[in-house]
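A.B. asks: Below is the file coords28.txt, with compact mmCIF, C-alpha atoms.
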# COMPACT_ATOMS: atom_id res chain seq x y z
CA MET A 137 -141.29 127.88 -1.19
CA ARG A 138 -139.09 125.54 -3.25
CA GLU A 139 -137.35 124.24 -0.16
CA PRO A 140 -138.73 120.95 1.23
CA GLU A 141 -140.15 122.59 4.33
CA GLY A 142 -142.27 124.93 2.23
CA VAL A 143 -143.57 122.10 0.07
CA ALA A 144 -144.42 120.10 3.18
CA ARG A 145 -146.47 122.97 4.60
CA VAL A 146 -148.71 122.81 1.54
CA PHE A 147 -148.65 119.09 0.75
CA ASP A 148 -148.91 117.48 4.17
CA PRO A 149 -152.20 119.00 5.41
CA MET A 150 -153.98 118.03 2.19
CA TRP A 151 -152.59 114.51 2.40
CA ALA A 152 -153.68 114.15 6.01
CA GLU A 153 -157.18 115.37 5.23
CA ILE A 154 -157.95 112.45 2.90
CA ASP A 155 -155.95 109.79 4.73
CA ALA A 156 -158.97 108.16 6.39
CA VAL A 157 -161.43 108.43 3.49
CA GLY A 158 -162.43 104.99 2.29
CA ARG A 159 -159.86 103.21 4.44
CA ASP A 160 -160.90 99.80 5.76
CA GLY A 161 -160.20 99.37 9.47
CA SER A 162 -159.41 95.67 9.24
CA THR A 163 -157.05 95.63 6.25
CA GLY A 164 -155.68 99.17 6.26
CA GLY A 165 -156.34 99.30 2.52
CA TYR A 166 -158.54 101.72 0.61
CA ARG A 167 -161.91 100.94 -0.97
CA ARG A 168 -162.59 104.07 -2.93
CA TYR A 169 -164.79 102.67 -5.68
CA ALA A 170 -166.29 104.86 -8.39
CA TRP A 171 -169.48 106.66 -7.34
CA SER A 172 -169.36 105.14 -3.83
CA ASP A 173 -169.71 107.24 -0.67
CA ALA A 174 -165.91 107.37 -0.38
CA ASP A 175 -165.58 108.56 -3.97
CA LEU A 176 -168.22 111.23 -3.49
CA THR A 177 -166.47 112.41 -0.31
CA LEU A 178 -163.21 112.77 -2.22
CA ARG A 179 -164.99 114.66 -4.97
CA ASP A 180 -166.25 117.12 -2.36
CA TRP A 181 -162.70 117.40 -1.01
CA PHE A 182 -161.45 118.19 -4.54
CA ARG A 183 -164.04 120.90 -4.92
CA GLY A 184 -163.07 122.35 -1.55
CA GLU A 185 -159.36 122.48 -2.44
CA ALA A 186 -160.22 124.19 -5.72
CA ALA A 187 -162.43 126.72 -3.94
CA ARG A 188 -159.66 127.55 -1.47
CA ARG A 189 -157.55 128.51 -4.47
CA SER A 190 -160.39 130.35 -6.26
CA MET A 191 -160.24 127.77 -9.04
CA GLU A 192 -163.52 127.17 -10.86
CA VAL A 193 -164.56 123.51 -10.91
CA GLU A 194 -166.17 121.88 -13.91
CA GLU A 195 -167.57 118.34 -13.86
CA ASP A 196 -167.64 117.23 -17.47
CA ARG A 197 -170.21 114.98 -19.10
CA ASN A 198 -168.31 111.85 -17.99
CA GLY A 199 -167.85 112.79 -14.34
CA ASN A 200 -164.24 113.98 -14.63
CA LEU A 201 -163.46 116.96 -12.41
CA TRP A 202 -161.49 119.96 -13.72
CA ALA A 203 -160.27 122.81 -11.48
CA TRP A 204 -159.25 125.80 -13.64
CA TRP A 205 -156.66 128.50 -12.98
CA LEU A 206 -157.06 130.96 -15.82
CA PRO A 207 -154.66 133.78 -16.73
CA ARG A 208 -155.69 137.23 -15.64
CA ASN A 209 -158.09 138.80 -18.16
CA TRP A 210 -158.60 135.51 -19.97
CA VAL A 211 -161.76 135.62 -22.10
CA GLY A 212 -163.69 132.62 -23.33
CA ASP A 213 -163.24 128.89 -22.86
CA PRO A 214 -159.84 127.48 -21.86
CA LYS A 215 -157.58 126.50 -24.75
CA GLY A 216 -154.13 124.93 -24.93
CA ALA A 217 -154.04 124.35 -21.17
CA PHE A 218 -151.34 122.79 -19.05
CA VAL A 219 -153.27 120.00 -17.33
CA THR A 220 -152.04 117.82 -14.50
CA GLY A 221 -153.68 115.47 -12.03
CA SER A 222 -154.62 111.79 -11.81
CA HIS A 223 -157.51 109.90 -10.18
CA LEU A 224 -159.08 109.43 -6.73
CA ASP A 225 -160.50 105.89 -6.89
CA SER A 226 -158.70 102.74 -5.77
CA VAL A 227 -158.55 99.00 -6.32
CA PRO A 228 -159.96 96.79 -3.53
CA ASP A 229 -157.75 97.33 -0.48
CA GLY A 230 -155.40 99.50 -2.52
CA GLY A 231 -152.72 101.84 -1.31
CA ALA A 232 -152.89 105.51 -0.45
CA PHE A 233 -150.62 106.84 -3.20
CA ASP A 234 -151.95 105.40 -6.46
CA GLY A 235 -153.87 108.33 -7.93
CA PRO A 236 -154.28 110.80 -5.03
CA LEU A 237 -150.53 111.54 -4.99
CA GLY A 238 -150.88 113.13 -8.42
CA ILE A 239 -153.81 115.30 -7.39
CA VAL A 240 -152.38 116.49 -4.08
CA SER A 241 -149.10 117.24 -5.89
CA ALA A 242 -150.97 119.19 -8.58
CA PHE A 243 -152.71 121.48 -6.08
CA THR A 244 -149.38 121.87 -4.27
CA ALA A 245 -147.73 122.91 -7.53
CA VAL A 246 -150.37 125.60 -8.07
CA ASP A 247 -149.65 127.00 -4.61
CA LEU A 248 -145.90 126.94 -5.22
CA LEU A 249 -146.24 128.90 -8.44
CA ARG A 250 -148.40 131.49 -6.75
CA ALA A 251 -145.89 131.75 -3.91
CA ARG A 252 -143.20 132.45 -6.52
CA GLY A 253 -145.36 135.19 -8.01
CA ILE A 254 -145.86 133.37 -11.30
CA GLU A 255 -148.95 134.31 -13.30
CA PRO A 256 -149.70 131.70 -16.00
CA ALA A 257 -149.75 132.84 -19.61
CA ILE A 258 -151.96 129.86 -20.54
CA PRO A 259 -154.75 128.13 -18.62
CA VAL A 260 -153.82 125.58 -15.95
CA ALA A 261 -156.09 122.76 -14.81
CA VAL A 262 -155.98 120.13 -12.08
CA VAL A 263 -158.00 117.10 -13.19
CA ALA A 264 -159.39 114.07 -11.37
CA PHE A 265 -160.43 111.39 -13.86
CA THR A 266 -163.23 109.12 -12.75
CA ASP A 267 -162.98 105.35 -12.29
CA GLU A 268 -159.39 104.89 -13.47
CA GLU A 269 -158.93 101.56 -11.71
CA GLY A 270 -162.09 99.90 -12.98
CA ALA A 271 -162.50 98.19 -9.60
CA ARG A 272 -166.26 98.52 -9.48
CA PHE A 273 -167.43 98.00 -13.07
CA GLY A 274 -164.54 95.95 -14.47
CA VAL A 275 -163.28 98.36 -17.13
CA ALA A 276 -160.34 100.64 -16.35
CA CYS A 277 -160.05 104.34 -17.18
CA ILE A 278 -163.77 104.76 -17.81
CA GLY A 279 -163.70 108.56 -17.48
CA SER A 280 -160.81 109.13 -19.86
CA GLN A 281 -161.96 106.40 -22.26
CA LEU A 282 -165.38 107.99 -22.54
CA SER A 283 -163.90 111.44 -23.07
CA THR A 284 -161.60 110.26 -25.86
CA GLY A 285 -164.33 108.19 -27.51
CA THR A 286 -162.46 104.94 -26.85
CA LEU A 287 -165.37 103.55 -24.82
CA ALA A 288 -168.91 103.73 -26.19
CA PRO A 289 -171.48 105.23 -23.75
CA GLU A 290 -173.95 102.39 -24.31
CA ARG A 291 -171.35 99.81 -23.34
CA ALA A 292 -170.25 101.81 -20.30
CA LEU A 293 -173.78 102.32 -19.02
CA ALA A 294 -174.51 98.59 -19.20
CA LEU A 295 -171.50 97.59 -17.09
CA ARG A 296 -172.48 96.00 -13.76
CA ASP A 297 -170.73 95.86 -10.41
CA GLY A 298 -170.59 92.84 -8.12
CA ASP A 299 -174.05 93.63 -6.75
CA GLY A 300 -175.61 93.80 -10.21
CA ILE A 301 -175.89 97.60 -10.21
CA THR A 302 -175.26 99.10 -13.64
CA LEU A 303 -173.14 102.19 -14.15
CA ALA A 304 -176.30 103.93 -15.35
CA GLU A 305 -178.02 103.14 -12.06
CA ALA A 306 -174.98 104.22 -10.04
CA LEU A 307 -174.90 107.57 -11.86
CA VAL A 308 -178.58 108.18 -11.14
CA ARG A 309 -178.05 107.37 -7.46
CA ALA A 310 -175.19 109.88 -7.41
CA GLY A 311 -177.41 112.55 -8.96
CA ARG A 312 -175.81 112.44 -12.41
CA ASP A 313 -177.36 112.12 -15.85
CA PRO A 314 -176.44 108.84 -17.58
CA GLY A 315 -177.57 110.31 -20.89
CA ALA A 316 -174.77 112.87 -20.80
CA LEU A 317 -171.95 110.35 -21.28
CA GLY A 318 -169.94 110.62 -24.46
CA ALA A 319 -166.83 111.81 -26.24
CA ASP A 320 -165.51 115.29 -25.45
CA ALA A 321 -165.22 117.06 -28.78
CA THR A 322 -163.29 119.95 -27.20
CA LEU A 323 -160.62 117.83 -25.48
CA GLY A 324 -157.93 118.32 -28.10
CA GLU A 325 -158.52 122.06 -28.18
CA ARG A 326 -158.67 122.63 -24.42
CA VAL A 327 -155.69 120.51 -23.42
CA GLY A 328 -152.27 121.57 -24.64
CA VAL A 329 -150.49 118.89 -22.60
CA PHE A 330 -151.38 116.45 -19.84
CA VAL A 331 -148.64 115.67 -17.31
CA GLU A 332 -149.53 112.93 -14.83
CA LEU A 333 -147.48 112.51 -11.65
CA HIS A 334 -147.83 109.00 -10.24
CA VAL A 335 -146.27 106.80 -7.63
CA GLU A 336 -143.91 104.26 -9.17
CA GLN A 337 -145.53 100.84 -9.63
CA GLY A 338 -142.80 98.27 -9.57
CA ARG A 339 -139.30 98.75 -8.27
CA ALA A 340 -136.72 100.52 -10.42
CA LEU A 341 -135.86 103.86 -8.83
CA ASP A 342 -134.86 102.40 -5.50
CA LEU A 343 -132.29 100.24 -7.29
CA VAL A 344 -130.59 103.30 -8.83
CA ASN A 345 -131.19 105.58 -5.82
CA ARG A 346 -133.18 108.22 -7.70
CA PRO A 347 -136.38 109.86 -6.40
CA LEU A 348 -137.98 110.60 -9.78
CA ALA A 349 -138.27 109.18 -13.29
CA LEU A 350 -139.91 110.10 -16.59
CA ALA A 351 -142.03 107.61 -18.54
CA SER A 352 -140.98 106.32 -21.94
CA ALA A 353 -143.92 104.02 -22.65
CA ILE A 354 -146.80 101.97 -21.26
CA TRP A 355 -146.84 98.26 -22.07
CA PRO A 356 -149.82 97.00 -24.07
CA HIS A 357 -152.25 95.25 -21.75
CA GLY A 358 -155.78 94.00 -21.36
CA ARG A 359 -158.34 91.95 -19.45
CA TRP A 360 -159.94 88.74 -20.63
CA GLU A 361 -162.84 86.87 -19.00
CA PHE A 362 -162.53 83.08 -18.89
CA GLU A 363 -165.78 81.22 -18.13
CA PHE A 364 -165.49 77.53 -17.28
CA ASP A 365 -168.90 75.78 -17.28
CA GLY A 366 -169.07 72.41 -15.58
CA GLU A 367 -171.67 70.47 -13.59
CA ALA A 368 -172.68 71.11 -10.00
CA ASN A 369 -172.83 68.06 -7.79
CA HIS A 370 -172.33 66.79 -4.26
CA ALA A 371 -168.74 67.15 -3.01
CA GLY A 372 -168.94 63.95 -0.99
CA ALA A 373 -171.25 61.65 -2.89
CA THR A 374 -169.94 62.17 -6.44
CA ARG A 375 -167.17 59.84 -7.62
CA LEU A 376 -164.09 61.62 -8.96
CA VAL A 377 -164.49 59.94 -12.35
CA ASP A 378 -168.07 61.23 -12.64
CA ARG A 379 -167.19 64.85 -12.04
CA HIS A 380 -167.09 67.80 -14.44
CA ASP A 381 -165.44 70.22 -12.05
CA PRO A 382 -164.59 73.63 -13.63
CA MET A 383 -162.20 74.42 -10.79
CA LEU A 384 -159.64 71.91 -12.09
CA PRO A 385 -159.15 73.42 -15.58
CA PHE A 386 -159.21 76.88 -14.04
CA ALA A 387 -156.43 75.97 -11.61
CA ALA A 388 -154.41 74.42 -14.41
CA THR A 389 -154.91 77.54 -16.52
CA VAL A 390 -153.58 79.77 -13.73
CA ARG A 391 -150.39 77.73 -13.70
CA SER A 392 -150.16 77.70 -17.49
CA ALA A 393 -150.57 81.47 -17.66
CA ARG A 394 -147.69 81.94 -15.25
CA LEU A 395 -145.38 79.64 -17.22
CA GLU A 396 -146.28 81.13 -20.60
CA ALA A 397 -145.76 84.68 -19.32
CA ALA A 398 -142.38 83.80 -17.85
CA ALA A 399 -141.27 82.29 -21.17
CA ARG A 400 -142.05 85.61 -22.90
CA GLU A 401 -140.74 87.98 -20.19
CA ALA A 402 -144.34 89.19 -19.82
CA VAL A 403 -146.81 89.08 -16.94
CA ALA A 404 -150.16 87.29 -16.56
CA THR A 405 -152.41 87.27 -13.53
CA PHE A 406 -155.76 85.79 -12.58
CA GLY A 407 -156.73 88.12 -9.75
CA LYS A 408 -160.53 88.03 -9.78
CA VAL A 409 -162.55 84.81 -9.52
CA LEU A 410 -166.28 84.15 -9.12
CA VAL A 411 -167.38 80.62 -8.26
CA ALA A 412 -170.95 79.31 -8.41
CA PRO A 413 -172.65 78.09 -6.33
CA ASN A 414 -169.68 78.78 -4.04
CA GLY A 415 -170.54 76.16 -1.45
CA THR A 416 -168.03 74.25 0.65
CA ASN A 417 -169.71 70.89 0.06
CA ALA A 418 -170.64 71.47 -3.59
CA ILE A 419 -168.71 70.87 -6.79
CA PRO A 420 -168.84 74.19 -8.66
CA SER A 421 -171.03 74.54 -11.71
CA ARG A 422 -169.17 77.55 -13.06
CA VAL A 423 -165.94 79.47 -12.57
CA ARG A 424 -165.56 82.94 -14.02
CA ALA A 425 -162.05 84.37 -13.84
CA TRP A 426 -160.36 87.41 -15.30
CA LEU A 427 -156.90 87.33 -16.86
CA ASP A 428 -154.80 90.49 -16.70
CA ALA A 429 -151.95 90.18 -19.21
CA ARG A 430 -149.21 92.64 -20.19
CA ALA A 431 -146.13 92.50 -22.40
CA ALA A 432 -143.47 94.75 -23.85
CA ASP A 433 -145.02 94.68 -27.34
CA GLN A 434 -148.31 93.78 -28.98
CA PRO A 435 -147.20 90.60 -30.83
CA THR A 436 -145.88 89.16 -27.58
CA LEU A 437 -149.10 90.00 -25.75
CA ASP A 438 -151.25 88.53 -28.53
CA ALA A 439 -149.21 85.33 -28.57
CA LEU A 440 -149.37 85.04 -24.79
CA VAL A 441 -153.15 85.42 -24.53
CA SER A 442 -153.75 83.13 -27.51
CA ARG A 443 -151.59 80.41 -25.96
CA VAL A 444 -153.23 80.73 -22.53
CA ALA A 445 -156.67 80.43 -24.14
CA GLU A 446 -155.51 77.39 -26.15
CA LEU A 447 -154.21 75.65 -23.04
CA ALA A 448 -157.35 76.58 -21.08
CA ARG A 449 -159.49 74.85 -23.74
CA ALA A 450 -157.31 71.79 -23.51
CA HIS A 451 -157.56 71.73 -19.71
CA ALA A 452 -161.34 72.20 -19.93
CA GLY A 453 -161.69 69.40 -22.46
CA GLU A 454 -159.87 66.96 -20.18
CA GLU A 455 -162.57 67.50 -17.52
CA GLY A 456 -165.60 67.65 -19.81
CA VAL A 457 -165.98 71.37 -19.11
CA GLU A 458 -167.02 74.09 -21.57
CA LEU A 459 -164.94 77.27 -21.95
CA ALA A 460 -165.77 80.74 -23.26
CA VAL A 461 -163.18 83.51 -23.51
CA ARG A 462 -164.23 87.13 -23.93
CA VAL A 463 -162.17 90.30 -24.34
CA GLU A 464 -163.18 92.76 -21.65
CA SER A 465 -160.66 95.48 -22.51
CA SER A 466 -157.51 95.85 -24.58
CA THR A 467 -155.10 98.78 -24.63
CA PRO A 468 -152.29 99.03 -27.20
CA ILE A 469 -148.77 100.15 -26.43
CA VAL A 470 -148.32 103.83 -25.63
CA ASP A 471 -145.06 105.49 -26.62
CA PHE A 472 -145.00 108.85 -24.88
CA PRO A 473 -143.92 111.55 -27.36
CA PRO A 474 -140.31 112.70 -26.97
CA GLY A 475 -141.21 116.40 -27.26
CA PRO A 476 -143.09 116.80 -23.96
CA ARG A 477 -140.65 114.47 -22.20
CA ALA A 478 -137.73 116.61 -23.35
CA ARG A 479 -139.45 119.72 -21.98
CA LEU A 480 -139.96 118.00 -18.64
CA ALA A 481 -136.33 116.94 -18.53
CA ALA A 482 -135.18 120.48 -19.34
CA ALA A 483 -137.29 121.88 -16.50
CA LEU A 484 -135.67 119.41 -14.10
CA LEU A 485 -132.02 119.83 -15.11
CA HIS A 486 -131.23 121.21 -11.66
CA LEU A 487 -132.12 117.79 -10.18
CA GLY A 488 -129.43 115.99 -12.14
CA ASP A 489 -129.98 112.83 -14.14
CA ILE A 490 -133.64 111.82 -14.39
CA PRO A 491 -134.08 108.15 -15.42
CA VAL A 492 -136.46 107.33 -18.26
CA ILE A 493 -138.35 104.06 -17.73
CA PRO A 494 -141.33 102.19 -19.19
CA THR A 495 -144.28 101.26 -17.03
CA GLN A 496 -146.34 98.09 -17.10
CA ALA A 497 -149.32 99.81 -15.46
CA GLY A 498 -152.11 101.54 -17.35
CA HIS A 499 -152.86 105.23 -16.75
CA ASP A 500 -155.22 107.96 -17.92
CA ALA A 501 -152.20 109.61 -19.56
CA GLY A 502 -151.96 106.58 -21.81
CA ILE A 503 -155.63 106.81 -22.81
CA LEU A 504 -155.34 110.53 -23.57
CA SER A 505 -152.18 110.10 -25.62
CA ASP A 506 -154.10 109.56 -28.86
CA ARG A 507 -155.80 112.93 -28.50
CA VAL A 508 -153.35 115.24 -26.70
CA PRO A 509 -149.60 115.40 -25.90
CA THR A 510 -148.92 113.52 -22.67
CA ALA A 511 -146.06 112.81 -20.28
CA MET A 512 -145.62 111.11 -16.92
CA LEU A 513 -143.46 111.73 -13.86
CA PHE A 514 -142.93 108.89 -11.37
CA VAL A 515 -142.13 109.19 -7.66
CA ARG A 516 -140.00 106.45 -6.14
CA ASN A 517 -141.70 103.52 -4.43
CA PRO A 518 -138.93 101.94 -2.32
CA THR A 519 -140.67 98.57 -1.94
CA GLY A 520 -142.14 98.32 -5.42
CA ILE A 521 -145.45 97.21 -3.87
CA SER A 522 -148.61 98.72 -5.36
CA HIS A 523 -152.34 97.92 -5.34
CA SER A 524 -151.81 96.94 -1.70
CA PRO A 525 -152.00 98.62 1.70
CA ALA A 526 -148.19 98.30 1.77
CA GLU A 527 -147.81 100.73 -1.14
CA TYR A 528 -145.49 103.52 -0.02
CA ALA A 529 -143.48 106.58 -0.93
CA GLU A 530 -141.24 108.51 1.45
CA PRO A 531 -142.60 111.96 2.41
CA ALA A 532 -139.35 113.55 1.21
CA ASP A 533 -139.78 111.93 -2.22
CA CYS A 534 -143.41 113.08 -2.39
CA HIS A 535 -142.28 116.61 -1.63
CA THR A 536 -139.55 116.36 -4.27
CA GLY A 537 -142.13 115.18 -6.79
CA ALA A 538 -144.55 118.01 -6.02
CA ALA A 539 -141.75 120.59 -6.27
CA ALA A 540 -140.61 119.04 -9.57
CA LEU A 541 -144.16 119.24 -10.91
CA ALA A 542 -144.20 122.91 -9.95
CA ASP A 543 -140.94 123.46 -11.83
CA ILE A 544 -142.43 121.75 -14.89
CA MET A 545 -145.61 123.77 -14.62
CA ALA A 546 -143.67 127.03 -14.25
CA ALA A 547 -141.49 126.30 -17.28
CA TRP A 548 -144.56 125.42 -19.38
CA VAL A 549 -146.90 128.27 -18.49
CA SER A 550 -144.54 131.22 -17.93
Can you give me the file's structure in the form of structure tokens?
C.D. replies:
Amino acid sequence: MREPEGVARVFDPMWAEIDAVGRDGSTGGYRRYAWSDADLTLRDWFRGEAARRSMEVEEDRNGNLWAWWLPRNWVGDPKGAFVTGSHLDSVPDGGAFDGPLGIVSAFTAVDLLRARGIEPAIPVAVVAFTDEEGARFGVACIGSQLSTGTLAPERALALRDGDGITLAEALVRAGRDPGALGADATLGERVGVFVELHVEQGRALDLVNRPLALASAIWPHGRWEFEFDGEANHAGATRLVDRHDPMLPFAATVRSARLEAAAREAVATFGKVLVAPNGTNAIPSRVRAWLDARAADQPTLDALVSRVAELARAHAGEEGVELAVRVESSTPIVDFPPGPRARLAAALLHLGDIPVIPTQAGHDAGILSDRVPTAMLFVRNPTGISHSPAEYAEPADCHTGAAALADIMAAWVS
């Protein structure tokens, strides 16, 4: 079943089954937010796929799903497992491939190994980490951060979505126990390696005409909340010179962030904005905006964010507006260890040269890297578009990726 047709027979029906889940009819994008109805539907789908393969499903204390394929006659808890998978949630109006591609490919790889008659010598797991995107509660990789102890349970439980619902309340509504959240003391013992297959985010592989790549590193990145406090007033009756409009320093800060990022070959984006009172004929009283900033190294990122905050204070001062800047999340650079990457490359020698590239996007593999060996495999995105309904990967490349993951799995567990 290594030929593309065989991979397609396994991969394509699973992909089609989840295609409509959480998809918005007007935008074509996906709204699969953590602990929403769409997320719960996908969790049921995951359990169903595991059951069809007689894989036992475990939902850990942080809501992450693990489907286990244990060696014949294995006794006791899994140890030193080959783990692969990704996440099922999406950003607002996100694409189909970011996250689910890794999980569908992982189940496909299990089927391919069984079709080849391979019995694993070590445990194998397919994992779906919860709330990787952070679209609902504002912090990314909540499931993996909780499991590694990077995120404190008390902070996580207090996070609120746009409707004011806390994560604790959302967990109760979904029938989970908020008091269970916390670090997984067995993670380092259970997981021998975590290999995450993911759609490419950005455009590199199309430029060199290669379907796959291995990850070298993840840029350091973070999210910062900028709160501009001004004075609400009438949009028509208030003279321009009497205004303290927070929208003006915010707009100037957006431009400054772009210029400062360009000067450092980094990236900076204000993608989420909340305006109060948000009336057409009212001068805003407050603008809350979130800066997403990323750079090739930590000193560059620190300098970028510091400069943007400095300029934002200057812009605010010119308009008589107050500014507060808060760190919402910060993730240091991740250098994926060369050992696992070399093993992946060796398993894929038959595919020829496999490029090794860094990624600017955060992933659960990056969060886990402090606790367990990790590696990443990227599938070509010919447009480079991600976090958008236009995100895409050719079916043939998806099949190549799933078959490559099976080759990696076979080499690791045989």
A.B. asks: Taking only C-alpha atoms into account, name the residue in A:Thr322, A:Ser550, A:Thr536, A:Thr374 that is nearest to Ser241 in chain A.
C.D. replies: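 Looking at the shortest contact to Ser241 in chain A, the residue is A:Thr536.
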A.B. asks: With a distance cut-off of 12 Å and all atoms listed in the file, select the neighbouring residues of Ala399 in chain A, excluding the residue or stretch itself and same-chain residues fewer than 6 positions from it, and output the selection as a count of residues only.
C.D. replies: 8
A.B. asks: Measuring atom to atom with all atoms listed in the file, identify which of A:Leu459, A:Leu282, A:Leu513, A:Glu446 is nearest to Ala542 in chain A.
C.D. replies: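 Of A:Leu459, A:Leu282, A:Leu513, A:Glu446, the one nearest Ala542 in chain A is A:Leu513, counting all atoms listed in the file.
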A.B. asks: Just to confirm, what's the straight-line distance from CA of Pro356 in chain A to CA of Val508 in chain A in Å (one decimal)?
C.D. replies: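 Between CA of Pro356 in chain A and CA of Val508 in chain A the gap is 18.8 Å.
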A.B. asks: Considering all atoms listed in the file, state which residue in the set A:Asp225, A:Glu458, A:Glu194, A:Asp543 is at the smallest distance from Gly158 in chain A.
C.D. replies: A:Asp225
A.B. asks: Skipping near chain neighbours, those fewer than 4 positions away, what residues fall within 8 Å of Asp234 in chain A using all atoms listed in the file, listed as a VMD selection string?
C.D. replies: chain A and resid 226 230 334 to 335 522 to 523
A.B. asks: Any chance you could export the current selection's C-alpha atoms as a PDB file, in the frame of the given file?
C.D. replies:
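Listing of result14.pdb after writing:
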ATOM      1  CA  SER A 226    -158.700 102.740  -5.770  1.00  0.00           C
ATOM      2  CA  GLY A 230    -155.400  99.500  -2.520  1.00  0.00           C
ATOM      3  CA  HIS A 334    -147.830 109.000 -10.240  1.00  0.00           C
ATOM      4  CA  VAL A 335    -146.270 106.800  -7.630  1.00  0.00           C
ATOM      5  CA  SER A 522    -148.610  98.720  -5.360  1.00  0.00           C
ATOM      6  CA  HIS A 523    -152.340  97.920  -5.340  1.00  0.00           C
TER       7      HIS A 523
END
A.B. asks: With all atoms listed in the file as the basis for distance, which of A:Leu333, A:Ala294, A:Val260, A:Val240 is at the shortest distance from Gly274 in chain A?
C.D. replies: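 Nearest candidate to Gly274 in chain A out of A:Leu333, A:Ala294, A:Val260, A:Val240: A:Ala294.
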A.B. asks: Between A:Arg479, A:Ala450, A:Glu336, A:Leu427, which is the closest to Leu348 in chain A once you count only C-alpha atoms?
C.D. replies: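 The shortest atom-to-atom distance to Leu348 in chain A comes from A:Glu336.
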A.B. asks: Given the choices A:Thr467, A:Asn345, A:Ser505, A:Thr495, which gets closest to Asp533 in chain A if the distance is worked out from only C-alpha atoms?
C.D. replies: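 With only C-alpha atoms as the atom set, the closest residue is A:Asn345.
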A.B. asks: Show which residues sit within 8 Å of range 174-183 of chain A, as a list in words. Count all atoms listed in the file, and ignore same-chain residues fewer than 2 positions away.
C.D. replies: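 Here the answer would be Ile154, Val157, Gly158, Arg167, Arg168, Tyr169, Ala170, Trp171, Ser172, Glu185, Ala186, Ala187, Val193, Leu201, Ala203, Leu224 and Asp225 of chain A.
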A.B. asks: Kindly provide, as an MDAnalysis selection string, the polymer residues lying within 12 Å of (-154.3, 79.9, -24.5), counting only C-alpha atoms and using the coordinates exactly as they appear in the file.
C.D. replies: chainID A and resid 360 362 386 388:397 404 427 429 437:452 459:461
A.B. asks: One decimal, Å: what's the distance from CA of Gly164 in chain A over to CA of Pro236 in chain A, could you say?
C.D. replies: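 Taking CA of Gly164 in chain A and CA of Pro236 in chain A, their separation equals 16.3 Å.
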A.B. asks: Counting only C-alpha atoms, which residues sit no farther than 7 Å from the position (-137.9, 105.0, -16.0) in the file's frame? I'd like them as a PyMOL selection string.
C.D. replies: chain A and resi 349-352+491-494
A.B. asks: When you look at Gly366 in chain A with a cut-off of 8 Å (counting only C-alpha atoms), what residues show up, excluding the ones that are within fewer than 4 positions of it in the same chain? I need them as a list in words.
C.D. replies: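 Neighbouring residues, sequence-local ones excluded: His380, Asp381, Pro382, Pro420, Ser421, Arg422, Gly456, Val457 and Glu458 of chain A.
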A.B. asks: How would the residues just chosen look if you wrote them out with C-alpha atoms as a PDB file, keeping the file's coordinate frame?
C.D. replies:
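Result written to part-v6.pdb:
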ATOM      1  CA  HIS A 380    -167.090  67.800 -14.440  1.00  0.00           C
ATOM      2  CA  ASP A 381    -165.440  70.220 -12.050  1.00  0.00           C
ATOM      3  CA  PRO A 382    -164.590  73.630 -13.630  1.00  0.00           C
ATOM      4  CA  PRO A 420    -168.840  74.190  -8.660  1.00  0.00           C
ATOM      5  CA  SER A 421    -171.030  74.540 -11.710  1.00  0.00           C
ATOM      6  CA  ARG A 422    -169.170  77.550 -13.060  1.00  0.00           C
ATOM      7  CA  GLY A 456    -165.600  67.650 -19.810  1.00  0.00           C
ATOM      8  CA  VAL A 457    -165.980  71.370 -19.110  1.00  0.00           C
ATOM      9  CA  GLU A 458    -167.020  74.090 -21.570  1.00  0.00           C
TER      10      GLU A 458
END
A.B. asks: What's the separation between CA of Glu153 in chain A and CA of Asn517 in chain A, in Å to one decimal place?
C.D. replies: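 Those two atoms sit 21.8 Å apart.
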